[in-house]
>>> print(open('start-v1.cif').read())   # mmCIF, C-alpha atoms
data_input
loop_
_atom_site.label_atom_id
_atom_site.label_comp_id
_atom_site.auth_asym_id
_atom_site.auth_seq_id
_atom_site.Cartn_x
_atom_site.Cartn_y
_atom_site.Cartn_z
CA MET V 874 -5.46 -19.91 27.61
CA GLU V 875 -7.19 -17.06 25.75
CA PHE V 876 -6.36 -16.04 22.18
CA THR V 877 -6.86 -12.90 20.09
CA ALA V 878 -7.72 -12.05 16.49
CA LYS V 879 -3.97 -11.52 15.91
CA ASP V 880 -3.34 -15.09 17.03
CA VAL V 881 -5.93 -16.31 14.51
CA MET V 882 -4.24 -14.32 11.72
CA LYS V 883 -0.80 -15.61 12.76
CA LEU V 884 -2.01 -19.21 12.66
CA ARG V 885 -3.61 -18.56 9.30
CA GLU V 886 -0.28 -17.25 7.95
CA MET V 887 1.55 -20.26 9.37
CA SER V 888 -0.90 -22.89 8.16
CA GLY V 889 -2.60 -21.50 5.08
CA ALA V 890 -5.89 -22.74 6.54
CA GLY V 891 -9.13 -20.74 6.58
CA MET V 892 -9.80 -18.17 9.29
CA MET V 893 -12.73 -20.02 10.86
CA ASP V 894 -10.73 -23.27 10.88
CA CYS V 895 -7.87 -21.46 12.64
CA LYS V 896 -10.24 -19.98 15.18
CA LYS V 897 -11.70 -23.43 15.91
CA ALA V 898 -8.21 -24.96 16.16
CA LEU V 899 -7.12 -22.38 18.73
CA LYS V 900 -10.31 -22.92 20.69
CA GLU V 901 -9.80 -26.69 20.69
CA SER V 902 -6.16 -26.20 21.73
CA ASP V 903 -6.78 -23.63 24.48
CA GLY V 904 -4.85 -21.00 22.53
CA ASP V 905 -1.66 -23.06 22.21
CA MET V 906 -0.23 -22.23 18.75
CA ASP V 907 1.76 -25.46 18.33
CA LYS V 908 -1.16 -27.66 19.34
CA ALA V 909 -3.46 -25.68 17.06
CA MET V 910 -1.08 -26.29 14.16
CA ASP V 911 -1.07 -30.01 14.96
CA TYR V 912 -4.88 -29.96 15.10
CA LEU V 913 -5.09 -28.44 11.61
CA ARG V 914 -2.60 -30.92 10.22
CA GLU V 915 -4.48 -33.83 11.78
CA LYS V 916 -7.70 -32.58 10.21
CA SER V 917 -5.91 -32.09 6.86
CA LEU V 918 -6.83 -28.42 6.97
CA ALA V 919 -3.32 -26.98 6.91
CA ALA V 920 -1.52 -26.24 3.69
CA SER V 921 2.02 -27.50 3.38
CA ALA V 922 4.61 -25.64 5.43
CA LYS V 923 6.44 -24.91 2.21
CA LYS V 924 3.53 -22.92 0.76
CA ALA V 925 2.82 -21.13 4.03
CA SER V 926 6.42 -19.91 4.27
CA ARG V 927 6.59 -18.54 0.74
CA ILE V 928 7.23 -14.86 0.17
CA ALA V 929 4.40 -12.90 -1.45
CA ALA V 930 6.07 -9.66 -2.55
CA GLU V 931 4.73 -9.29 -6.08
CA GLY V 932 1.16 -8.34 -6.95
CA ILE V 933 -0.72 -5.20 -7.96
CA VAL V 934 -2.16 -1.97 -6.64
CA ASP V 935 -5.65 -1.30 -7.96
CA CYS V 936 -8.22 1.47 -7.58
CA PHE V 937 -12.00 1.40 -7.82
CA VAL V 938 -14.52 4.25 -7.87
CA CYS V 939 -18.26 3.81 -7.31
CA GLU V 940 -19.68 6.89 -9.01
CA LYS V 941 -23.21 6.12 -7.78
CA CYS V 942 -22.26 5.92 -4.09
CA GLY V 943 -19.38 8.40 -4.15
CA VAL V 944 -16.71 6.07 -2.80
CA GLY V 945 -13.13 5.51 -3.91
CA VAL V 946 -10.85 2.62 -2.93
CA ILE V 947 -7.16 1.85 -3.30
CA ILE V 948 -5.92 -1.64 -2.45
CA GLU V 949 -2.70 -3.66 -2.63
CA VAL V 950 -2.86 -7.44 -2.96
CA ASN V 951 0.31 -9.52 -3.12
CA CYS V 952 1.20 -12.83 -4.76
CA GLU V 953 4.51 -14.62 -5.31
CA THR V 954 5.36 -13.93 -8.95
CA ASP V 955 4.95 -11.13 -11.46
CA PHE V 956 3.61 -13.73 -13.91
CA VAL V 957 0.57 -14.45 -11.72
CA ALA V 958 0.08 -10.74 -11.01
CA LYS V 959 -0.51 -10.21 -14.73
CA THR V 960 -3.15 -12.96 -15.08
CA ASP V 961 -6.84 -12.17 -15.46
CA ASP V 962 -7.72 -14.46 -12.53
CA PHE V 963 -5.56 -12.43 -10.15
CA LYS V 964 -6.62 -9.06 -11.55
CA ASN V 965 -10.30 -10.01 -11.29
CA LEU V 966 -9.81 -11.10 -7.68
CA VAL V 967 -8.14 -7.81 -6.77
CA ARG V 968 -10.91 -5.80 -8.46
CA SER V 969 -13.55 -7.80 -6.54
CA LEU V 970 -11.71 -7.13 -3.28
CA ALA V 971 -11.65 -3.39 -4.07
CA LYS V 972 -15.41 -3.49 -4.61
CA GLN V 973 -15.70 -5.41 -1.33
CA VAL V 974 -14.03 -2.54 0.51
CA ALA V 975 -16.24 0.01 -1.24
CA LYS V 976 -19.48 -1.77 -0.35
CA PHE V 977 -18.82 -3.23 3.12
CA ASN V 978 -16.32 -0.66 4.50
CA PRO V 979 -14.20 -3.00 6.66
CA ALA V 980 -12.07 -1.38 9.36
CA SER V 981 -9.14 -3.75 8.81
CA VAL V 982 -7.93 -6.68 6.70
CA GLU V 983 -8.91 -9.02 9.54
CA GLU V 984 -12.49 -7.69 9.56
CA MET V 985 -12.64 -7.87 5.78
CA MET V 986 -11.61 -11.54 5.73
CA ALA V 987 -14.59 -12.46 7.92
CA GLN V 988 -17.15 -10.58 5.80
CA PRO V 989 -19.50 -12.22 3.25
CA TYR V 990 -17.76 -12.12 -0.14
CA ILE V 991 -19.28 -9.60 -2.54
CA GLU V 992 -19.26 -12.05 -5.47
CA ASP V 993 -20.85 -14.89 -3.46
CA GLU V 994 -22.27 -14.03 -0.05
CA ASN V 995 -22.56 -17.72 0.84
CA MET V 996 -18.81 -17.68 1.45
CA THR V 997 -16.46 -15.37 3.34
CA VAL V 998 -13.69 -13.29 1.79
CA ASP V 999 -11.26 -15.61 3.57
CA ALA V 1000 -12.78 -18.63 1.82
CA ALA V 1001 -12.71 -16.82 -1.53
CA VAL V 1002 -9.02 -15.98 -1.16
CA ASN V 1003 -8.25 -19.59 -0.18
CA ALA V 1004 -10.12 -20.79 -3.27
CA ALA V 1005 -8.03 -18.43 -5.39
CA VAL V 1006 -4.84 -19.77 -3.78
CA ALA V 1007 -5.91 -23.31 -4.65
CA LYS V 1008 -6.68 -22.33 -8.25
CA ILE V 1009 -3.69 -20.07 -8.91
CA GLY V 1010 -1.20 -22.09 -6.87
CA GLU V 1011 0.48 -19.19 -5.11
CA LYS V 1012 0.23 -17.52 -1.73
CA ILE V 1013 -2.05 -14.46 -1.87
CA SER V 1014 -2.07 -11.72 0.78
CA ILE V 1015 -4.31 -8.67 1.10
CA ARG V 1016 -1.77 -6.18 2.37
CA ARG V 1017 -3.54 -2.84 2.78
CA PHE V 1018 -6.36 -0.65 1.55
CA ASN V 1019 -7.92 2.78 2.00
CA ARG V 1020 -11.48 3.92 1.38
CA VAL V 1021 -12.62 7.54 0.87
CA GLU V 1022 -16.12 8.96 0.55
CA GLY V 1023 -16.57 12.10 -1.57
CA ILE V 1024 -15.24 13.45 -4.86
CA VAL V 1025 -12.31 11.27 -5.90
CA ASP V 1026 -9.94 10.62 -8.76
CA THR V 1027 -7.57 7.70 -9.22
CA TYR V 1028 -4.46 6.85 -11.19
CA VAL V 1029 -2.80 3.46 -11.65
CA HIS V 1030 0.65 3.37 -13.26
CA LEU V 1031 2.65 0.59 -14.91
CA GLY V 1032 -0.08 -2.04 -14.69
CA GLY V 1033 -0.46 -1.75 -10.92
CA LYS V 1034 3.06 -0.91 -9.72
CA ILE V 1035 1.91 2.46 -8.37
CA GLY V 1036 -1.60 3.60 -7.44
CA VAL V 1037 -3.06 6.91 -6.25
CA LEU V 1038 -6.41 7.72 -4.64
CA LEU V 1039 -7.08 11.47 -4.58
CA GLN V 1040 -9.90 13.29 -2.75
CA ILE V 1041 -10.82 16.82 -3.87
CA SER V 1042 -13.51 19.41 -3.13
CA ASN V 1043 -14.88 20.11 -6.61
CA LYS V 1044 -15.79 17.78 -9.49
CA ASP V 1045 -15.91 20.48 -12.18
CA TYR V 1046 -12.25 20.16 -13.24
CA PRO V 1047 -11.67 16.45 -13.95
CA GLU V 1048 -8.63 16.94 -16.21
CA ALA V 1049 -6.79 19.07 -13.64
CA ALA V 1050 -7.73 16.59 -10.88
CA HIS V 1051 -6.34 13.71 -12.92
CA ASP V 1052 -3.15 15.71 -13.54
CA VAL V 1053 -2.78 16.05 -9.76
CA ALA V 1054 -3.24 12.29 -9.32
CA MET V 1055 -0.52 11.66 -11.93
CA GLN V 1056 1.71 14.23 -10.19
CA ILE V 1057 1.40 12.28 -6.93
CA ALA V 1058 2.31 9.05 -8.71
CA ALA V 1059 5.34 10.62 -10.40
CA ALA V 1060 6.72 12.87 -7.63
CA SER V 1061 5.69 10.98 -4.45
CA PRO V 1062 4.93 13.92 -2.13
CA ASN V 1063 4.71 13.31 1.63
CA CYS V 1064 2.00 15.88 2.36
CA ILE V 1065 -0.36 18.35 0.70
CA SER V 1066 1.02 21.74 1.82
CA LYS V 1067 3.61 23.40 4.05
CA ALA V 1068 1.03 23.53 6.84
CA ASP V 1069 0.63 19.73 6.68
CA CYS V 1070 4.37 19.06 6.67
CA ASN V 1071 5.69 17.18 9.72
CA GLN V 1072 7.44 19.91 11.71
CA GLU V 1073 9.79 17.42 13.38
CA ASP V 1074 11.00 16.41 9.90
CA VAL V 1075 11.44 20.07 8.94
CA GLU V 1076 13.44 20.83 12.09
CA HIS V 1077 15.54 17.71 11.58
CA GLU V 1078 16.30 18.87 8.04
CA ARG V 1079 17.08 22.38 9.31
CA ARG V 1080 19.59 21.06 11.89
CA ILE V 1081 21.38 19.02 9.22
CA LEU V 1082 21.51 21.99 6.83
CA ILE V 1083 22.89 24.28 9.57
CA GLU V 1084 25.69 21.80 10.32
CA GLN V 1085 26.43 21.45 6.60
CA ALA V 1086 26.71 25.23 6.27
CA LYS V 1087 28.99 25.47 9.33
CA ASN V 1088 31.27 22.76 7.94
CA GLU V 1089 31.79 24.43 4.56
CA PRO V 1090 35.47 25.33 3.80
CA LYS V 1091 34.94 29.10 4.04
CA PRO V 1092 33.27 30.19 7.32
CA LYS V 1093 30.19 32.42 6.90
CA PRO V 1094 28.46 34.84 9.27
CA GLN V 1095 25.46 33.45 11.20
CA ALA V 1096 23.03 35.72 9.30
CA ILE V 1097 24.26 34.34 5.97
CA ILE V 1098 24.02 30.76 7.25
CA GLU V 1099 20.42 31.32 8.37
CA LYS V 1100 19.51 32.80 4.97
CA MET V 1101 21.15 29.86 3.15
CA VAL V 1102 19.36 27.34 5.36
CA GLU V 1103 15.93 28.94 4.84
CA GLY V 1104 16.53 28.86 1.09
CA ARG V 1105 17.33 25.17 1.28
CA ILE V 1106 14.26 24.55 3.46
CA GLU V 1107 12.13 26.09 0.70
CA LYS V 1108 13.76 23.65 -1.71
CA TYR V 1109 12.90 20.83 0.73
CA TYR V 1110 9.25 21.94 0.71
CA LYS V 1111 9.26 21.75 -3.09
CA GLU V 1112 10.34 18.13 -2.83
CA VAL V 1113 7.86 16.89 -0.19
CA CYS V 1114 4.76 19.15 -0.38
CA LEU V 1115 2.37 18.44 -3.24
CA LEU V 1116 1.23 22.04 -3.78
CA GLU V 1117 4.83 23.33 -3.71
CA GLN V 1118 6.19 20.76 -6.20
CA PRO V 1119 6.97 21.85 -9.77
CA PHE V 1120 4.09 20.62 -11.94
CA VAL V 1121 5.32 17.66 -14.01
CA LYS V 1122 3.65 18.96 -17.19
CA ASN V 1123 5.03 22.49 -16.76
CA GLN V 1124 8.07 22.90 -14.53
CA ASP V 1125 7.68 26.70 -14.58
CA GLU V 1126 4.67 26.57 -12.25
CA SER V 1127 3.88 24.75 -9.03
CA VAL V 1128 1.00 22.32 -8.58
CA GLY V 1129 -0.72 24.94 -6.41
CA GLN V 1130 -0.40 27.51 -9.21
CA MET V 1131 -1.76 25.00 -11.73
CA ILE V 1132 -4.82 24.33 -9.54
CA ASN V 1133 -5.24 28.10 -9.07
CA GLY V 1134 -7.99 27.80 -6.45
CA ARG V 1135 -10.32 25.77 -8.66
CA PHE V 1136 -10.52 23.00 -6.06
CA GLU V 1137 -8.97 21.95 -2.77
CA VAL V 1138 -6.90 18.80 -2.34
CA ILE V 1139 -8.42 17.17 0.75
CA SER V 1140 -6.37 13.97 0.95
CA PHE V 1141 -4.36 11.48 -1.08
CA THR V 1142 -3.08 7.94 -0.70
CA ARG V 1143 -0.15 6.64 -2.76
CA TYR V 1144 0.86 2.96 -2.77
CA THR V 1145 3.95 1.50 -4.39
CA MET V 1146 3.49 -2.23 -4.88
CA GLY V 1147 5.74 -4.29 -2.61
CA GLU V 1148 7.19 -1.23 -0.88
CA GLY V 1149 8.99 -2.38 2.26
CA LEU V 1150 8.37 -6.09 1.66
CA GLU V 1151 11.11 -8.69 1.62
CA LYS V 1152 11.75 -9.70 -1.98
CA ARG V 1153 12.09 -13.25 -3.11
CA GLN V 1154 15.70 -14.16 -3.94
CA ASP V 1155 15.92 -16.89 -6.56
CA ASN V 1156 19.18 -18.71 -7.20
CA PHE V 1157 19.02 -20.36 -10.61
CA ALA V 1158 22.05 -22.59 -10.01
CA ASP V 1159 20.55 -23.92 -6.76
CA GLU V 1160 17.23 -24.61 -8.52
CA VAL V 1161 18.99 -26.60 -11.25
CA MET V 1162 20.94 -28.61 -8.66
CA ALA V 1163 17.75 -29.32 -6.73
CA GLN V 1164 15.98 -30.52 -9.87
CA THR V 1165 19.00 -32.69 -10.77
CA LYS V 1166 18.90 -34.41 -7.36
CA LYS V 1167 15.20 -35.15 -7.83
CA ALA V 1168 15.75 -36.70 -11.25
#
>>> encode(input="start-v1.cif", output="C-alpha cells")
Amino acid sequence: MEFTAKDVMKLREMSGAGMMDCKKALKESDGDMDKAMDYLREKSLAASAKKASRIAAEGIVDCFVCEKCGVGVIIEVNCETDFVAKTDDFKNLVRSLAKQVAKFNPASVEEMMAQPYIEDENMTVDAAVNAAVAKIGEKISIRRFNRVEGIVDTYVHLGGKIGVLLQISNKDYPEAAHDVAMQIAAASPNCISKADCNQEDVEHERRILIEQAKNEPKPKPQAIIEKMVEGRIEKYYKEVCLLEQPFVKNQDESVGQMINGRFEVISFTRYTMGEGLEKRQDNFADEVMAQTKKA
C-alpha cells in the first residue's frame, strides 16, 4: 500500500513522533495507519495519545523582516495555553521559525518541517519543534505563514494576537506605510480596492439589499430602490476595501486619500491568532473531581 506526505503528517499529528520516524513507520507497515501507530509505540517513538489529542489553539502571530535581503514573513504558531505563548522559549522558537521561512522559502508547512533548522542545521525543523514540545510540555503546531519579497512593513498587535504583513511600492514614506499596516490590523479589510473586490460577494450583497428595500413598509419605485442599493453598496465598499475605508487616525478621509499616490499597496496578509480553530473548553469542577479521585 502506498502512502503520501499527507499520511505522514496525519500520523505525526496522531502520534507526536518525528516526521522521519512516521515516514519509516508507514514504510514498514505498507502504509497501514493503525500498524504504523503500533510500530511507533513498540519502538517507544510515539508520544502519549493524551498529548497527541490535545487542542493547540493559543499561540502567537509574529512578523520578521530581513532588511538586507528584502524579505518579509508573517507566521502563526499555536500552543495549548496563553501562559506558554507568553514565555521567552516559545517566542524565541516562533521568531526562529519566521527566520526559517525568510531564508529557506518553504512552499508549505510540510516542506518546512523537513528542512535543516536555521539555528542548528544538523537537525530538521521537525526535530527542533519536537525538542521544544519536550521542553515546554505542550503541543506546538506551525499553522500557516506567508513570505513576500520587496518593500514591506509589518505590525503586530496585542503581543501577537493580530499580525499584518504589508507590501508596498515605495520605501520613502515609512510612517504612512506603518499607518496602513495598523489600519489593516484595526479594520480587517478583505481586499485592497474596489477592483480587487470579489464580484460574487458584491452581487450577493446587492441581491440582499434589493430584497431588503422591496420588503420595507412603504413601497418605493424601482429607480429609487436602485439608487438606495447603490448607496448601500458604496457603504459596503467602505467596510471591505482598504483604500475606501475611513482612515482610523482621521475619519474624514479615506485610506486612499491619506496615501495620496505616494505609494501603491501591492498586497497584504492579516492573521488573527487562533481564527477558526476549535478552542479548548476547560471545566474547573471536572478538573477538581478528577484530581480528587487521583488523591
>>> residues_around(input="start-v1.cif", residues="Gly1129 in chain V", least_positions_apart="4", cutoff="8 Å", atoms="all atoms listed in the file", output="ChimeraX atom specification")
/V:1115-1117,1133-1134
>>> residues_around(input="start-v1.cif", residues="range 894-907 of chain V", least_positions_apart="6", cutoff="8 Å", atoms="only C-alpha atoms", output="short mmCIF file (atom, residue, chain, number, x, y, z; two decimals) with C-alpha atoms, keeping the file's coordinate frame")
data_model
loop_
_atom_site.label_atom_id
_atom_site.label_comp_id
_atom_site.auth_asym_id
_atom_site.auth_seq_id
_atom_site.Cartn_x
_atom_site.Cartn_y
_atom_site.Cartn_z
CA MET V 874 -5.46 -19.91 27.61
CA GLU V 875 -7.19 -17.06 25.75
CA PHE V 876 -6.36 -16.04 22.18
CA ASP V 880 -3.34 -15.09 17.03
CA VAL V 881 -5.93 -16.31 14.51
CA LEU V 884 -2.01 -19.21 12.66
CA ARG V 885 -3.61 -18.56 9.30
CA LEU V 913 -5.09 -28.44 11.61
CA LEU V 918 -6.83 -28.42 6.97
#
>>> resolve_selection(input="start-v1.cif", expression="the PyMOL selection byres ((chain V and resi 1055-1062) around 7)", output="NGL selection string")
:V and (1028 or 1035-1037 or 1051-1054 or 1063-1064 or 1112-1115 or 1121 or 1143)
>>> atom_distance(input="start-v1.cif", atom1="CA of Ile928 in chain V", atom2="CA of Glu953 in chain V")
6.1 Å
>>> resolve_selection(input="start-v1.cif", expression="the PyMOL selection byres ((chain V and resi 1067) around 7)", output="MDAnalysis selection string")
chainID V and resid 1066 1068:1070 1110 1114
>>> residues_around(input="start-v1.cif", residues="Val1128 in chain V", least_positions_apart="3", cutoff="6 Å", atoms="only C-alpha atoms", output="VMD selection string")
chain V and resid 1116 1118 1120 1131
>>> atom_distance(input="start-v1.cif", atom1="CA of Met910 in chain V", atom2="CA of Met887 in chain V")
8.1 Å
>>> residues_around(input="start-v1.cif", residues="Met985 in chain V", least_positions_apart="2", cutoff="12 Å", atoms="all atoms listed in the file", output="short mmCIF file (atom, residue, chain, number, x, y, z; two decimals) with C-alpha atoms, in the coordinates of the input")
data_model
loop_
_atom_site.label_atom_id
_atom_site.label_comp_id
_atom_site.auth_asym_id
_atom_site.auth_seq_id
_atom_site.Cartn_x
_atom_site.Cartn_y
_atom_site.Cartn_z
CA MET V 892 -9.80 -18.17 9.29
CA LEU V 970 -11.71 -7.13 -3.28
CA ALA V 971 -11.65 -3.39 -4.07
CA LYS V 972 -15.41 -3.49 -4.61
CA GLN V 973 -15.70 -5.41 -1.33
CA VAL V 974 -14.03 -2.54 0.51
CA ALA V 975 -16.24 0.01 -1.24
CA LYS V 976 -19.48 -1.77 -0.35
CA PHE V 977 -18.82 -3.23 3.12
CA ASN V 978 -16.32 -0.66 4.50
CA PRO V 979 -14.20 -3.00 6.66
CA ALA V 980 -12.07 -1.38 9.36
CA SER V 981 -9.14 -3.75 8.81
CA VAL V 982 -7.93 -6.68 6.70
CA GLU V 983 -8.91 -9.02 9.54
CA ALA V 987 -14.59 -12.46 7.92
CA GLN V 988 -17.15 -10.58 5.80
CA PRO V 989 -19.50 -12.22 3.25
CA TYR V 990 -17.76 -12.12 -0.14
CA ILE V 991 -19.28 -9.60 -2.54
CA THR V 997 -16.46 -15.37 3.34
CA VAL V 998 -13.69 -13.29 1.79
CA ASP V 999 -11.26 -15.61 3.57
CA ALA V 1000 -12.78 -18.63 1.82
CA ALA V 1001 -12.71 -16.82 -1.53
CA VAL V 1002 -9.02 -15.98 -1.16
CA ILE V 1015 -4.31 -8.67 1.10
CA ARG V 1016 -1.77 -6.18 2.37
CA ARG V 1017 -3.54 -2.84 2.78
CA PHE V 1018 -6.36 -0.65 1.55
#
>>> residues_around(input="start-v1.cif", residues="Arg1080 in chain V", least_positions_apart="4", cutoff="12 Å", atoms="all atoms listed in the file", output="VMD selection string")
chain V and resid 1073 to 1076 1084 to 1087 1098 to 1099 1102 to 1103 1105 to 1106
>>> atom_distance(input="start-v1.cif", atom1="CA of Gln1040 in chain V", atom2="CA of Ser1140 in chain V")
5.2 Å
>>> resolve_selection(input="start-v1.cif", expression="the PyMOL selection byres ((chain V and resi 1136) around 9)", output="PDB file with C-alpha atoms, keeping the file's coordinate frame")
ATOM      1  CA  ILE V1041     -10.820  16.820  -3.870  1.00  0.00           C
ATOM      2  CA  SER V1042     -13.510  19.410  -3.130  1.00  0.00           C
ATOM      3  CA  ASN V1043     -14.880  20.110  -6.610  1.00  0.00           C
ATOM      4  CA  LYS V1044     -15.790  17.780  -9.490  1.00  0.00           C
ATOM      5  CA  ASP V1045     -15.910  20.480 -12.180  1.00  0.00           C
ATOM      6  CA  TYR V1046     -12.250  20.160 -13.240  1.00  0.00           C
ATOM      7  CA  ALA V1050      -7.730  16.590 -10.880  1.00  0.00           C
ATOM      8  CA  ILE V1132      -4.820  24.330  -9.540  1.00  0.00           C
ATOM      9  CA  ASN V1133      -5.240  28.100  -9.070  1.00  0.00           C
ATOM     10  CA  GLY V1134      -7.990  27.800  -6.450  1.00  0.00           C
ATOM     11  CA  ARG V1135     -10.320  25.770  -8.660  1.00  0.00           C
ATOM     12  CA  GLU V1137      -8.970  21.950  -2.770  1.00  0.00           C
ATOM     13  CA  VAL V1138      -6.900  18.800  -2.340  1.00  0.00           C
TER      14      VAL V1138
END
>>> closest_residue(input="start-v1.cif", among="V:Ser1127, V:Ala890, V:Ile948, V:Glu994", to="Lys916 in chain V", atoms="only C-alpha atoms")
V:Ala890
>>> closest_residue(input="start-v1.cif", among="V:Ile1013, V:Val1025, V:Cys942, V:Val934", to="Val957 in chain V", atoms="all atoms listed in the file")
V:Ile1013
>>> closest_residue(input="start-v1.cif", among="V:Val1006, V:Val950, V:Cys936, V:Met893", to="Gly1147 in chain V", atoms="all atoms listed in the file")
V:Val950
>>> decode(input="start-v1.cif", residues="range 1092-1156 of chain V", atoms="C-alpha atoms", output="short mmCIF file (atom, residue, chain, number, x, y, z; two decimals), in the first residue's frame")
data_model
loop_
_atom_site.label_atom_id
_atom_site.label_comp_id
_atom_site.auth_asym_id
_atom_site.auth_seq_id
_atom_site.Cartn_x
_atom_site.Cartn_y
_atom_site.Cartn_z
CA PRO V 1092 -43.19 50.53 -1.35
CA LYS V 1093 -40.76 52.58 -3.46
CA PRO V 1094 -40.34 52.96 -7.23
CA GLN V 1095 -37.69 50.73 -8.86
CA ALA V 1096 -35.48 53.74 -9.69
CA ILE V 1097 -35.44 54.79 -6.03
CA ILE V 1098 -34.67 51.23 -4.92
CA GLU V 1099 -31.73 51.02 -7.33
CA LYS V 1100 -30.37 54.36 -6.08
CA MET V 1101 -30.71 53.24 -2.44
CA VAL V 1102 -28.99 49.92 -3.17
CA GLU V 1103 -26.04 51.57 -4.96
CA GLY V 1104 -25.62 53.90 -2.00
CA ARG V 1105 -25.51 50.92 0.34
CA ILE V 1106 -23.05 49.12 -1.96
CA GLU V 1107 -20.73 52.13 -1.63
CA LYS V 1108 -21.03 51.76 2.14
CA TYR V 1109 -20.17 48.06 1.75
CA TYR V 1110 -17.02 49.00 -0.20
CA LYS V 1111 -16.00 51.30 2.67
CA GLU V 1112 -16.19 48.33 5.01
CA VAL V 1113 -14.26 45.74 2.96
CA CYS V 1114 -11.86 47.67 0.66
CA LEU V 1115 -8.72 49.01 2.30
CA LEU V 1116 -8.39 52.14 0.15
CA GLU V 1117 -12.09 53.00 0.62
CA GLN V 1118 -12.09 52.60 4.42
CA PRO V 1119 -12.17 55.71 6.63
CA PHE V 1120 -8.62 56.22 7.90
CA VAL V 1121 -8.51 55.25 11.59
CA LYS V 1122 -6.45 58.33 12.53
CA ASN V 1123 -8.70 60.73 10.60
CA GLN V 1124 -12.22 59.54 9.83
CA ASP V 1125 -12.77 62.50 7.47
CA GLU V 1126 -10.53 60.97 4.80
CA SER V 1127 -10.18 57.53 3.28
CA VAL V 1128 -7.01 55.45 3.37
CA GLY V 1129 -6.60 56.10 -0.36
CA GLN V 1130 -6.80 59.85 0.25
CA MET V 1131 -4.27 59.59 3.08
CA ILE V 1132 -1.81 57.74 0.81
CA ASN V 1133 -2.46 60.33 -1.92
CA GLY V 1134 -0.49 58.49 -4.61
CA ARG V 1135 2.76 58.40 -2.63
CA PHE V 1136 2.95 54.62 -2.93
CA GLU V 1137 0.90 51.67 -4.14
CA VAL V 1138 -0.37 48.93 -1.85
CA ILE V 1139 0.64 45.73 -3.65
CA SER V 1140 -0.54 43.10 -1.17
CA PHE V 1141 -1.28 42.45 2.48
CA THR V 1142 -1.72 39.46 4.77
CA ARG V 1143 -3.60 39.71 8.07
CA TYR V 1144 -3.65 36.87 10.61
CA THR V 1145 -5.76 36.72 13.75
CA MET V 1146 -4.29 34.19 16.15
CA GLY V 1147 -6.48 31.10 16.54
CA GLU V 1148 -9.04 32.30 13.98
CA GLY V 1149 -11.24 29.36 13.03
CA LEU V 1150 -9.61 26.92 15.44
CA GLU V 1151 -11.52 24.89 17.99
CA LYS V 1152 -10.94 26.40 21.41
CA ARG V 1153 -10.10 24.39 24.46
CA GLN V 1154 -13.04 24.15 26.88
CA ASP V 1155 -11.90 23.73 30.47
CA ASN V 1156 -14.35 22.66 33.17
#
